[in-house]
$ cat target.pdb   # PDB, C-alpha atoms, pLDDT in the B column
ATOM      1  CA  MET V   1      25.533 -33.902  83.218  1.00 34.00           C
ATOM      2  CA  SER V   2      25.547 -37.120  81.180  1.00 38.00           C
ATOM      3  CA  ARG V   3      25.450 -37.238  77.401  1.00 38.00           C
ATOM      4  CA  SER V   4      21.900 -38.644  77.488  1.00 40.00           C
ATOM      5  CA  ALA V   5      20.792 -35.648  79.571  1.00 44.00           C
ATOM      6  CA  LEU V   6      22.325 -33.224  77.084  1.00 58.00           C
ATOM      7  CA  ARG V   7      20.684 -34.576  73.950  1.00 58.00           C
ATOM      8  CA  ALA V   8      18.228 -37.119  72.636  1.00 64.00           C
ATOM      9  CA  SER V   9      19.144 -40.108  70.512  1.00 73.00           C
ATOM     10  CA  LEU V  10      17.467 -40.994  67.226  1.00 70.00           C
ATOM     11  CA  ALA V  11      15.311 -43.441  69.206  1.00 71.00           C
ATOM     12  CA  LYS V  12      13.550 -40.220  70.311  1.00 77.00           C
ATOM     13  CA  ASP V  13      12.715 -41.340  73.810  1.00 77.00           C
ATOM     14  CA  PRO V  14      10.084 -38.792  74.928  1.00 75.00           C
ATOM     15  CA  ARG V  15      11.853 -38.083  78.218  1.00 75.00           C
ATOM     16  CA  GLU V  16      15.159 -37.419  76.454  1.00 72.00           C
ATOM     17  CA  VAL V  17      13.525 -35.172  73.846  1.00 66.00           C
ATOM     18  CA  ALA V  18      11.656 -33.163  76.483  1.00 65.00           C
ATOM     19  CA  GLY V  19      14.754 -32.856  78.659  1.00 68.00           C
ATOM     20  CA  MET V  20      16.879 -31.692  75.747  1.00 63.00           C
ATOM     21  CA  PHE V  21      14.436 -28.916  74.873  1.00 64.00           C
ATOM     22  CA  ASP V  22      13.968 -27.958  78.521  1.00 60.00           C
ATOM     23  CA  ALA V  23      17.713 -27.304  78.624  1.00 58.00           C
ATOM     24  CA  VAL V  24      17.782 -24.972  75.597  1.00 58.00           C
ATOM     25  CA  ALA V  25      14.504 -23.102  76.127  1.00 52.00           C
ATOM     26  CA  ARG V  26      15.913 -19.688  77.075  1.00 57.00           C
ATOM     27  CA  ARG V  27      18.264 -19.336  74.091  1.00 54.00           C
ATOM     28  CA  TYR V  28      16.255 -21.451  71.643  1.00 56.00           C
ATOM     29  CA  ASP V  29      15.012 -18.633  69.398  1.00 56.00           C
ATOM     30  CA  LEU V  30      18.430 -16.946  69.143  1.00 50.00           C
ATOM     31  CA  SER V  31      20.000 -20.297  68.275  1.00 55.00           C
ATOM     32  CA  ASN V  32      17.394 -20.882  65.567  1.00 56.00           C
ATOM     33  CA  ASP V  33      18.221 -17.529  63.988  1.00 57.00           C
ATOM     34  CA  VAL V  34      21.932 -18.269  63.839  1.00 52.00           C
ATOM     35  CA  MET V  35      21.692 -21.954  62.880  1.00 58.00           C
ATOM     36  CA  SER V  36      19.375 -21.165  59.957  1.00 57.00           C
ATOM     37  CA  LEU V  37      21.488 -18.191  58.818  1.00 57.00           C
ATOM     38  CA  PHE V  38      18.373 -16.133  59.654  1.00 60.00           C
ATOM     39  CA  GLN V  39      16.304 -17.862  56.970  1.00 74.00           C
ATOM     40  CA  VAL V  40      13.895 -19.043  59.671  1.00 81.00           C
ATOM     41  CA  HIS V  41      12.105 -15.679  59.417  1.00 85.00           C
ATOM     42  CA  MET V  42      11.262 -16.293  55.756  1.00 92.00           C
ATOM     43  CA  TRP V  43      10.226 -19.867  56.517  1.00 92.00           C
ATOM     44  CA  ARG V  44       7.922 -18.592  59.245  1.00 92.00           C
ATOM     45  CA  ARG V  45       6.310 -16.040  56.903  1.00 95.00           C
ATOM     46  CA  VAL V  46       5.484 -18.770  54.382  1.00 97.00           C
ATOM     47  CA  THR V  47       4.085 -21.012  57.109  1.00 97.00           C
ATOM     48  CA  ARG V  48       2.009 -18.154  58.489  1.00 97.00           C
ATOM     49  CA  ALA V  49       0.539 -17.528  55.044  1.00 98.00           C
ATOM     50  CA  ALA V  50      -0.302 -21.237  54.688  1.00 98.00           C
ATOM     51  CA  VAL V  51      -2.036 -21.290  58.079  1.00 98.00           C
ATOM     52  CA  ALA V  52      -4.035 -18.275  56.893  1.00 98.00           C
ATOM     53  CA  ALA V  53      -5.433 -17.472  60.330  1.00 97.00           C
ATOM     54  CA  ARG V  54      -8.419 -15.180  60.430  1.00 97.00           C
ATOM     55  CA  PRO V  55     -10.458 -13.688  63.287  1.00 97.00           C
ATOM     56  CA  GLY V  56     -12.134 -16.570  65.065  1.00 96.00           C
ATOM     57  CA  THR V  57     -10.032 -19.315  63.470  1.00 98.00           C
ATOM     58  CA  ARG V  58      -9.152 -21.949  66.082  1.00 98.00           C
ATOM     59  CA  VAL V  59      -5.456 -22.785  65.674  1.00 98.00           C
ATOM     60  CA  LEU V  60      -3.441 -25.432  67.481  1.00 98.00           C
ATOM     61  CA  ASP V  61       0.241 -24.529  67.303  1.00 98.00           C
ATOM     62  CA  LEU V  62       1.879 -27.839  68.152  1.00 97.00           C
ATOM     63  CA  ALA V  63       5.522 -28.065  69.251  1.00 93.00           C
ATOM     64  CA  ALA V  64       5.072 -24.329  69.758  1.00 95.00           C
ATOM     65  CA  GLY V  65       8.264 -23.845  71.732  1.00 90.00           C
ATOM     66  CA  THR V  66       8.326 -20.375  73.263  1.00 91.00           C
ATOM     67  CA  GLY V  67       5.322 -19.271  71.191  1.00 94.00           C
ATOM     68  CA  THR V  68       7.100 -17.269  68.491  1.00 92.00           C
ATOM     69  CA  SER V  69       4.650 -18.405  65.800  1.00 95.00           C
ATOM     70  CA  SER V  70       1.672 -18.549  68.168  1.00 97.00           C
ATOM     71  CA  VAL V  71       1.926 -14.801  68.739  1.00 97.00           C
ATOM     72  CA  GLU V  72       1.766 -14.184  64.982  1.00 96.00           C
ATOM     73  CA  TYR V  73      -1.355 -16.335  64.576  1.00 98.00           C
ATOM     74  CA  ALA V  74      -2.967 -14.469  67.460  1.00 98.00           C
ATOM     75  CA  ALA V  75      -2.070 -11.158  65.790  1.00 97.00           C
ATOM     76  CA  ASP V  76      -3.999 -12.389  62.739  1.00 97.00           C
ATOM     77  CA  GLY V  77      -7.073 -12.793  64.950  1.00 97.00           C
ATOM     78  CA  ALA V  78      -6.932 -16.519  65.633  1.00 98.00           C
ATOM     79  CA  GLU V  79      -7.892 -18.235  68.880  1.00 98.00           C
ATOM     80  CA  VAL V  80      -4.546 -19.930  69.486  1.00 98.00           C
ATOM     81  CA  VAL V  81      -3.517 -22.761  71.761  1.00 98.00           C
ATOM     82  CA  ALA V  82       0.254 -23.255  71.969  1.00 98.00           C
ATOM     83  CA  CYS V  83       1.118 -26.844  72.877  1.00 97.00           C
ATOM     84  CA  ASP V  84       4.559 -28.320  73.549  1.00 94.00           C
ATOM     85  CA  PHE V  85       5.881 -31.518  75.114  1.00 91.00           C
ATOM     86  CA  SER V  86       8.708 -29.672  76.865  1.00 90.00           C
ATOM     87  CA  THR V  87       7.548 -28.135  80.135  1.00 91.00           C
ATOM     88  CA  GLY V  88      10.633 -25.915  80.006  1.00 89.00           C
ATOM     89  CA  MET V  89       9.496 -24.477  76.680  1.00 88.00           C
ATOM     90  CA  VAL V  90       5.949 -24.023  78.007  1.00 94.00           C
ATOM     91  CA  ALA V  91       7.235 -22.181  81.085  1.00 92.00           C
ATOM     92  CA  GLU V  92       9.433 -19.902  78.963  1.00 91.00           C
ATOM     93  CA  GLY V  93       6.551 -19.280  76.555  1.00 93.00           C
ATOM     94  CA  LYS V  94       4.214 -18.313  79.393  1.00 96.00           C
ATOM     95  CA  ARG V  95       6.862 -15.950  80.751  1.00 94.00           C
ATOM     96  CA  ARG V  96       7.337 -14.209  77.415  1.00 93.00           C
ATOM     97  CA  HIS V  97       3.751 -14.288  76.154  1.00 96.00           C
ATOM     98  CA  PRO V  98       1.236 -14.403  79.018  1.00 96.00           C
ATOM     99  CA  GLU V  99      -1.547 -13.498  76.580  1.00 96.00           C
ATOM    100  CA  ILE V 100      -1.215 -16.873  74.805  1.00 97.00           C
ATOM    101  CA  ALA V 101      -2.788 -20.080  76.153  1.00 98.00           C
ATOM    102  CA  PHE V 102       0.051 -22.583  76.635  1.00 98.00           C
ATOM    103  CA  VAL V 103      -0.593 -26.284  77.279  1.00 97.00           C
ATOM    104  CA  ALA V 104       1.896 -29.074  77.932  1.00 96.00           C
ATOM    105  CA  GLY V 105       0.965 -31.995  75.721  1.00 95.00           C
ATOM    106  CA  ASP V 106       2.212 -35.021  73.802  1.00 95.00           C
ATOM    107  CA  ALA V 107       1.677 -35.004  70.015  1.00 96.00           C
ATOM    108  CA  THR V 108       0.862 -38.725  70.110  1.00 96.00           C
ATOM    109  CA  ALA V 109      -1.886 -38.268  72.747  1.00 97.00           C
ATOM    110  CA  LEU V 110      -3.200 -34.731  72.409  1.00 98.00           C
ATOM    111  CA  PRO V 111      -5.219 -33.435  75.397  1.00 97.00           C
ATOM    112  CA  PHE V 112      -8.008 -32.040  73.223  1.00 98.00           C
ATOM    113  CA  ALA V 113     -11.444 -33.233  72.134  1.00 98.00           C
ATOM    114  CA  ASP V 114     -12.213 -34.414  68.620  1.00 98.00           C
ATOM    115  CA  GLY V 115     -12.665 -31.574  66.132  1.00 98.00           C
ATOM    116  CA  SER V 116     -11.397 -28.834  68.458  1.00 98.00           C
ATOM    117  CA  PHE V 117      -9.463 -26.850  65.846  1.00 98.00           C
ATOM    118  CA  ASP V 118      -9.860 -25.419  62.341  1.00 98.00           C
ATOM    119  CA  VAL V 119      -6.104 -25.567  61.687  1.00 98.00           C
ATOM    120  CA  VAL V 120      -3.380 -27.650  63.291  1.00 98.00           C
ATOM    121  CA  THR V 121       0.180 -26.597  62.559  1.00 98.00           C
ATOM    122  CA  ILE V 122       3.570 -27.877  63.652  1.00 98.00           C
ATOM    123  CA  SER V 123       6.928 -26.342  62.785  1.00 95.00           C
ATOM    124  CA  TYR V 124      10.175 -28.309  63.117  1.00 91.00           C
ATOM    125  CA  GLY V 125       8.653 -30.564  65.758  1.00 91.00           C
ATOM    126  CA  LEU V 126       7.192 -33.560  63.948  1.00 96.00           C
ATOM    127  CA  ARG V 127      10.725 -34.832  63.303  1.00 92.00           C
ATOM    128  CA  ASN V 128      11.227 -35.130  67.073  1.00 89.00           C
ATOM    129  CA  VAL V 129       8.155 -37.268  67.758  1.00 93.00           C
ATOM    130  CA  GLN V 130       8.796 -40.947  68.339  1.00 92.00           C
ATOM    131  CA  ASP V 131       5.704 -42.153  66.415  1.00 96.00           C
ATOM    132  CA  THR V 132       5.127 -39.951  63.351  1.00 97.00           C
ATOM    133  CA  ALA V 133       2.085 -41.869  62.086  1.00 97.00           C
ATOM    134  CA  ARG V 134       0.326 -41.681  65.435  1.00 98.00           C
ATOM    135  CA  ALA V 135       1.012 -37.945  65.731  1.00 98.00           C
ATOM    136  CA  LEU V 136      -0.414 -37.314  62.250  1.00 98.00           C
ATOM    137  CA  SER V 137      -3.518 -39.316  63.184  1.00 98.00           C
ATOM    138  CA  GLU V 138      -3.914 -37.399  66.441  1.00 98.00           C
ATOM    139  CA  MET V 139      -3.640 -34.095  64.593  1.00 98.00           C
ATOM    140  CA  ARG V 140      -6.342 -35.305  62.220  1.00 98.00           C
ATOM    141  CA  ARG V 141      -8.571 -36.304  65.152  1.00 98.00           C
ATOM    142  CA  VAL V 142      -8.501 -32.858  66.784  1.00 98.00           C
ATOM    143  CA  THR V 143      -9.130 -31.056  63.465  1.00 98.00           C
ATOM    144  CA  VAL V 144     -12.676 -30.406  62.285  1.00 98.00           C
ATOM    145  CA  PRO V 145     -13.803 -32.120  59.068  1.00 98.00           C
ATOM    146  CA  GLY V 146     -12.758 -29.751  56.299  1.00 98.00           C
ATOM    147  CA  GLY V 147     -10.038 -28.316  58.541  1.00 98.00           C
ATOM    148  CA  ARG V 148      -6.389 -28.102  57.618  1.00 98.00           C
ATOM    149  CA  ILE V 149      -2.926 -29.175  58.679  1.00 98.00           C
ATOM    150  CA  VAL V 150       0.251 -27.189  57.968  1.00 98.00           C
ATOM    151  CA  ILE V 151       3.637 -28.784  58.643  1.00 98.00           C
ATOM    152  CA  ALA V 152       6.913 -26.894  58.309  1.00 96.00           C
ATOM    153  CA  GLU V 153       9.840 -29.271  58.616  1.00 95.00           C
ATOM    154  CA  PHE V 154      13.423 -29.691  57.525  1.00 92.00           C
ATOM    155  CA  SER V 155      13.577 -31.779  54.377  1.00 94.00           C
ATOM    156  CA  THR V 156      15.841 -32.854  51.519  1.00 94.00           C
ATOM    157  CA  PRO V 157      17.451 -30.367  49.100  1.00 93.00           C
ATOM    158  CA  THR V 158      16.327 -31.078  45.556  1.00 92.00           C
ATOM    159  CA  TRP V 159      19.601 -30.255  43.782  1.00 91.00           C
ATOM    160  CA  PRO V 160      22.208 -33.032  44.287  1.00 88.00           C
ATOM    161  CA  ALA V 161      25.236 -30.716  44.516  1.00 88.00           C
ATOM    162  CA  PHE V 162      23.465 -28.542  47.072  1.00 87.00           C
ATOM    163  CA  ARG V 163      22.426 -31.674  48.964  1.00 88.00           C
ATOM    164  CA  HIS V 164      26.079 -32.633  49.455  1.00 87.00           C
ATOM    165  CA  LEU V 165      26.956 -29.128  50.630  1.00 86.00           C
ATOM    166  CA  TYR V 166      24.037 -29.183  53.056  1.00 84.00           C
ATOM    167  CA  ARG V 167      25.142 -32.508  54.494  1.00 85.00           C
ATOM    168  CA  PHE V 168      28.574 -30.980  55.128  1.00 79.00           C
ATOM    169  CA  TYR V 169      26.942 -28.017  56.868  1.00 76.00           C
ATOM    170  CA  LEU V 170      24.890 -30.288  59.125  1.00 78.00           C
ATOM    171  CA  GLY V 171      27.856 -32.441  60.026  1.00 73.00           C
ATOM    172  CA  SER V 172      30.572 -29.797  60.426  1.00 70.00           C
ATOM    173  CA  ALA V 173      29.513 -26.151  60.245  1.00 65.00           C
ATOM    174  CA  LEU V 174      26.341 -26.480  62.311  1.00 67.00           C
ATOM    175  CA  PRO V 175      28.073 -27.890  65.414  1.00 64.00           C
ATOM    176  CA  ALA V 176      30.732 -25.178  65.151  1.00 63.00           C
ATOM    177  CA  ALA V 177      28.096 -22.435  64.972  1.00 61.00           C
ATOM    178  CA  ALA V 178      26.208 -24.004  67.884  1.00 59.00           C
ATOM    179  CA  ARG V 179      29.241 -23.547  70.109  1.00 60.00           C
ATOM    180  CA  LEU V 180      28.931 -19.778  69.660  1.00 56.00           C
ATOM    181  CA  VAL V 181      25.290 -19.348  70.699  1.00 55.00           C
ATOM    182  CA  SER V 182      23.932 -22.422  72.449  1.00 55.00           C
ATOM    183  CA  SER V 183      24.377 -23.647  76.002  1.00 54.00           C
ATOM    184  CA  ASN V 184      23.886 -27.220  74.754  1.00 53.00           C
ATOM    185  CA  THR V 185      25.941 -27.938  71.638  1.00 57.00           C
ATOM    186  CA  GLU V 186      25.158 -31.657  71.910  1.00 62.00           C
ATOM    187  CA  ALA V 187      21.524 -30.860  71.105  1.00 61.00           C
ATOM    188  CA  TYR V 188      22.634 -29.528  67.727  1.00 63.00           C
ATOM    189  CA  ASP V 189      24.499 -32.748  66.991  1.00 69.00           C
ATOM    190  CA  TYR V 190      21.084 -34.382  67.378  1.00 74.00           C
ATOM    191  CA  LEU V 191      19.531 -31.726  65.139  1.00 75.00           C
ATOM    192  CA  GLY V 192      21.807 -32.564  62.230  1.00 76.00           C
ATOM    193  CA  GLU V 193      21.452 -36.315  62.694  1.00 82.00           C
ATOM    194  CA  SER V 194      17.658 -36.136  62.936  1.00 85.00           C
ATOM    195  CA  ILE V 195      17.390 -34.037  59.765  1.00 86.00           C
ATOM    196  CA  LEU V 196      19.503 -36.495  57.786  1.00 87.00           C
ATOM    197  CA  ALA V 197      17.386 -39.413  59.029  1.00 89.00           C
ATOM    198  CA  TRP V 198      14.043 -37.706  58.297  1.00 93.00           C
ATOM    199  CA  PRO V 199      11.850 -38.748  55.315  1.00 95.00           C
ATOM    200  CA  ASP V 200      12.016 -36.565  52.223  1.00 96.00           C
ATOM    201  CA  GLN V 201       9.140 -34.462  50.909  1.00 97.00           C
ATOM    202  CA  GLN V 202       7.317 -37.204  49.025  1.00 97.00           C
ATOM    203  CA  LYS V 203       7.681 -39.756  51.822  1.00 98.00           C
ATOM    204  CA  LEU V 204       6.221 -37.350  54.360  1.00 98.00           C
ATOM    205  CA  ALA V 205       3.360 -36.624  51.967  1.00 98.00           C
ATOM    206  CA  GLY V 206       2.748 -40.370  51.803  1.00 98.00           C
ATOM    207  CA  LEU V 207       2.670 -40.656  55.590  1.00 98.00           C
ATOM    208  CA  MET V 208       0.100 -37.868  55.717  1.00 98.00           C
ATOM    209  CA  GLN V 209      -2.068 -39.676  53.169  1.00 98.00           C
ATOM    210  CA  GLN V 210      -1.852 -42.887  55.195  1.00 98.00           C
ATOM    211  CA  ALA V 211      -2.984 -40.973  58.300  1.00 98.00           C
ATOM    212  CA  GLY V 212      -6.168 -39.922  56.498  1.00 98.00           C
ATOM    213  CA  TRP V 213      -5.249 -36.450  55.260  1.00 98.00           C
ATOM    214  CA  ARG V 214      -6.278 -35.554  51.727  1.00 98.00           C
ATOM    215  CA  GLY V 215      -5.187 -33.024  49.099  1.00 98.00           C
ATOM    216  CA  VAL V 216      -1.633 -33.266  50.363  1.00 98.00           C
ATOM    217  CA  GLY V 217       0.803 -30.859  48.745  1.00 98.00           C
ATOM    218  CA  TYR V 218       4.067 -29.229  49.662  1.00 98.00           C
ATOM    219  CA  LYS V 219       6.241 -26.242  48.838  1.00 97.00           C
ATOM    220  CA  ASN V 220      10.024 -26.320  48.986  1.00 97.00           C
ATOM    221  CA  LEU V 221      11.833 -23.440  50.655  1.00 96.00           C
ATOM    222  CA  SER V 222      15.533 -22.596  50.378  1.00 92.00           C
ATOM    223  CA  GLY V 223      16.050 -25.287  47.763  1.00 93.00           C
ATOM    224  CA  GLY V 224      14.341 -27.968  49.821  1.00 94.00           C
ATOM    225  CA  ILE V 225      16.134 -27.375  53.125  1.00 92.00           C
ATOM    226  CA  VAL V 226      12.614 -26.873  54.459  1.00 94.00           C
ATOM    227  CA  ALA V 227       9.297 -28.003  53.029  1.00 97.00           C
ATOM    228  CA  VAL V 228       5.846 -26.760  54.042  1.00 98.00           C
ATOM    229  CA  HIS V 229       3.262 -29.524  53.685  1.00 98.00           C
ATOM    230  CA  ARG V 230      -0.467 -28.802  53.618  1.00 98.00           C
ATOM    231  CA  ALA V 231      -3.524 -31.040  53.609  1.00 98.00           C
ATOM    232  CA  THR V 232      -7.190 -31.190  54.598  1.00 98.00           C
ATOM    233  CA  ARG V 233      -9.202 -33.484  56.813  1.00 98.00           C
ATOM    234  CA  PRO V 234     -11.910 -34.824  54.491  1.00 97.00           C
ATOM    235  CA  VAL V 235     -15.560 -34.157  55.187  1.00 95.00           C
ATOM    236  CA  PRO V 236     -17.393 -37.480  55.628  1.00 86.00           C
ATOM    237  CA  ALA V 237     -19.963 -38.364  52.988  1.00 79.00           C
ATOM    238  CA  GLN V 238     -23.580 -38.260  54.081  1.00 73.00           C
ATOM    239  CA  GLY V 239     -24.262 -41.227  56.337  1.00 62.00           C
ATOM    240  CA  GLU V 240     -20.588 -41.774  57.223  1.00 62.00           C
ATOM    241  CA  GLN V 241     -19.004 -41.091  60.600  1.00 58.00           C
TER     242      GLN V 241
END
$ encode --input "target.pdb" --output "C-alpha cells"
Amino acid sequence: MSRSALRASLAKDPREVAGMFDAVARRYDLSNDVMSLFQVHMWRRVTRAAVAARPGTRVLDLAAGTGTSSVEYAADGAEVVACDFSTGMVAEGKRRHPEIAFVAGDATALPFADGSFDVVTISYGLRNVQDTARALSEMRRVTVPGGRIVIAEFSTPTWPAFRHLYRFYLGSALPAAARLVSSNTEAYDYLGESILAWPDQQKLAGLMQQAGWRGVGYKNLSGGIVAVHRATRPVPAQGEQ
C-alpha cells in the first residue's frame, strides 16, 4: 500500500481522508482511548452536556465515526442521524449500532434539507474537512433558526510551557503509542500534523461568526488540548428570510 493510501496529507483531499478513516475503522475507538490517555471520555461527557439532547430533539452527529457519541444522544431521547464521509466508518457503525440511522455524507454538501435539525454537532472531524468555512455554512443551513451547533475539536494549549510539551507529544510520543494499538500508524502522523496546523480557539470562533453563527463561545478542556465551541443560528427578524 502506498503512503498516500495509508494517510491523508494536509491538503485534505476528500478521497485520501475517507480512505484513511476506512482503513482504521475497526480499531478507531480503542486507538482514541490510548492516544488521548483516556481523556476522550471526559471530553465526550462535556460535549454531551453541551448538546443537551432531550426527547424529541433532532440531532445531526456529523463525522460520527462508529457512532460512539450518537448512541449517547439517542440514550438521552434524541432523534439522531449519524453522518460520516467514510463509508468504512458508516459500515462499522451500522454493524455495532443497528438502532442508529447512519448516512454517508460530505460535510461540505450535506444530504439534508434546510432546517432539518435542532442541534448539529461534530467531534474531532471539522479539522479533517478540506473547506472549513463551507462546512460551517452547511451546518448552519441544516439547523433550524434558533438551533445550535456544538464543535469538539483539538485546539491550542493556553499555557506556553504545556504547549511545548504537547507539541513534543504530538511529534514523538503519539506516533510511538500508535504503533502499539493502530493498524495504520501513518494516520497518526497526519493526526499530529493536522492538530498543529489547526486554528486556535479564537480563530475558530471567528470562522464560526463569519459563517453566520451567533453567540459563539468556547470552553477549554485539558488545558486547551481540546476546546468545545458552541453557537446558535440566529432567528431572522420579522420580514427577513
$ atom_distance --input "target.pdb" --atom1 "CA of Gln39 (chain V)" --atom2 "CA of Leu170 (chain V)"
15.3 Å
$ atom_distance --input "target.pdb" --atom1 "CA of Ser123 (chain V)" --atom2 "CA of Thr47 (chain V)"
8.3 Å
$ closest_residue --input "target.pdb" --among "V:Gly224, V:Glu92, V:Val59, V:Ser137" --to "Leu207 (chain V)" --atoms "only C-alpha atoms"
V:Ser137
$ axis_aligned_box --input "target.pdb" --around "region 59-62 of chain V" --padding-each-side "3 Å" --output "JSON"
{"center_x": -1.8, "center_y": -25.3, "center_z": 66.9, "size_x": 13.3, "size_y": 11.1, "size_z": 8.5}
$ resolve_selection --input "target.pdb" --expression "the PyMOL selection byres ((chain V and resi 133) around 12)" --output "VMD selection string"
chain V and resid 107 to 109 126 to 127 129 to 132 134 to 140 203 to 213
$ atom_distance --input "target.pdb" --atom1 "CA of Arg44 (chain V)" --atom2 "CA of Glu16 (chain V)"
26.5 Å
$ resolve_selection --input "target.pdb" --expression "the PyMOL selection byres ((chain V and resi 113) around 12)" --output "list in words"
Ala109, Leu110, Pro111, Phe112, Asp114, Gly115, Ser116, Phe117, Glu138, Met139, Arg140, Arg141, Val142, Thr143 and Val144 of chain V
$ resolve_selection --input "target.pdb" --expression "the PyMOL selection byres ((chain V and resi 156) around 8)" --output "list in words"
Phe154, Ser155, Pro157, Thr158, Arg163, Asp200, Gln201, Gly224, Ile225 and Val226 of chain V
$ closest_residue --input "target.pdb" --among "V:Asp84, V:Pro98, V:Arg214, V:Val103" --to "Gly125 (chain V)" --atoms "all atoms listed in the file"
V:Asp84
$ closest_residue --input "target.pdb" --among "V:Val120, V:Ala104, V:Ser86, V:Val71" --to "Gly146 (chain V)" --atoms "all atoms listed in the file"
V:Val120
$ residues_around --input "target.pdb" --residues "Ala11 (chain V)" --least-positions-apart "2" --cutoff "10 Å" --atoms "all atoms listed in the file" --output "number ranges by chain"
V: 8-9, 13-14, 16-17, 128-130, 194
$ residues_near_point --input "target.pdb" --point "(6.2, -18.8, 56.0)" --cutoff "12 Å" --atoms "only C-alpha atoms" --output "VMD selection string"
chain V and resid 39 to 52 69 72 to 73 121 123 150 to 153 219 to 222 226 to 229
$ closest_residue --input "target.pdb" --among "V:Gly171, V:Gly65, V:Pro234, V:Gly56" --to "Ala91 (chain V)" --atoms "only C-alpha atoms"
V:Gly65
$ closest_residue --input "target.pdb" --among "V:Val81, V:Ile100, V:Leu10, V:Met89" --to "Asp118 (chain V)" --atoms "all atoms listed in the file"
V:Val81
$ closest_residue --input "target.pdb" --among "V:Lys94, V:Ala78, V:Lys12, V:Thr68" --to "Glu193 (chain V)" --atoms "all atoms listed in the file"
V:Lys12
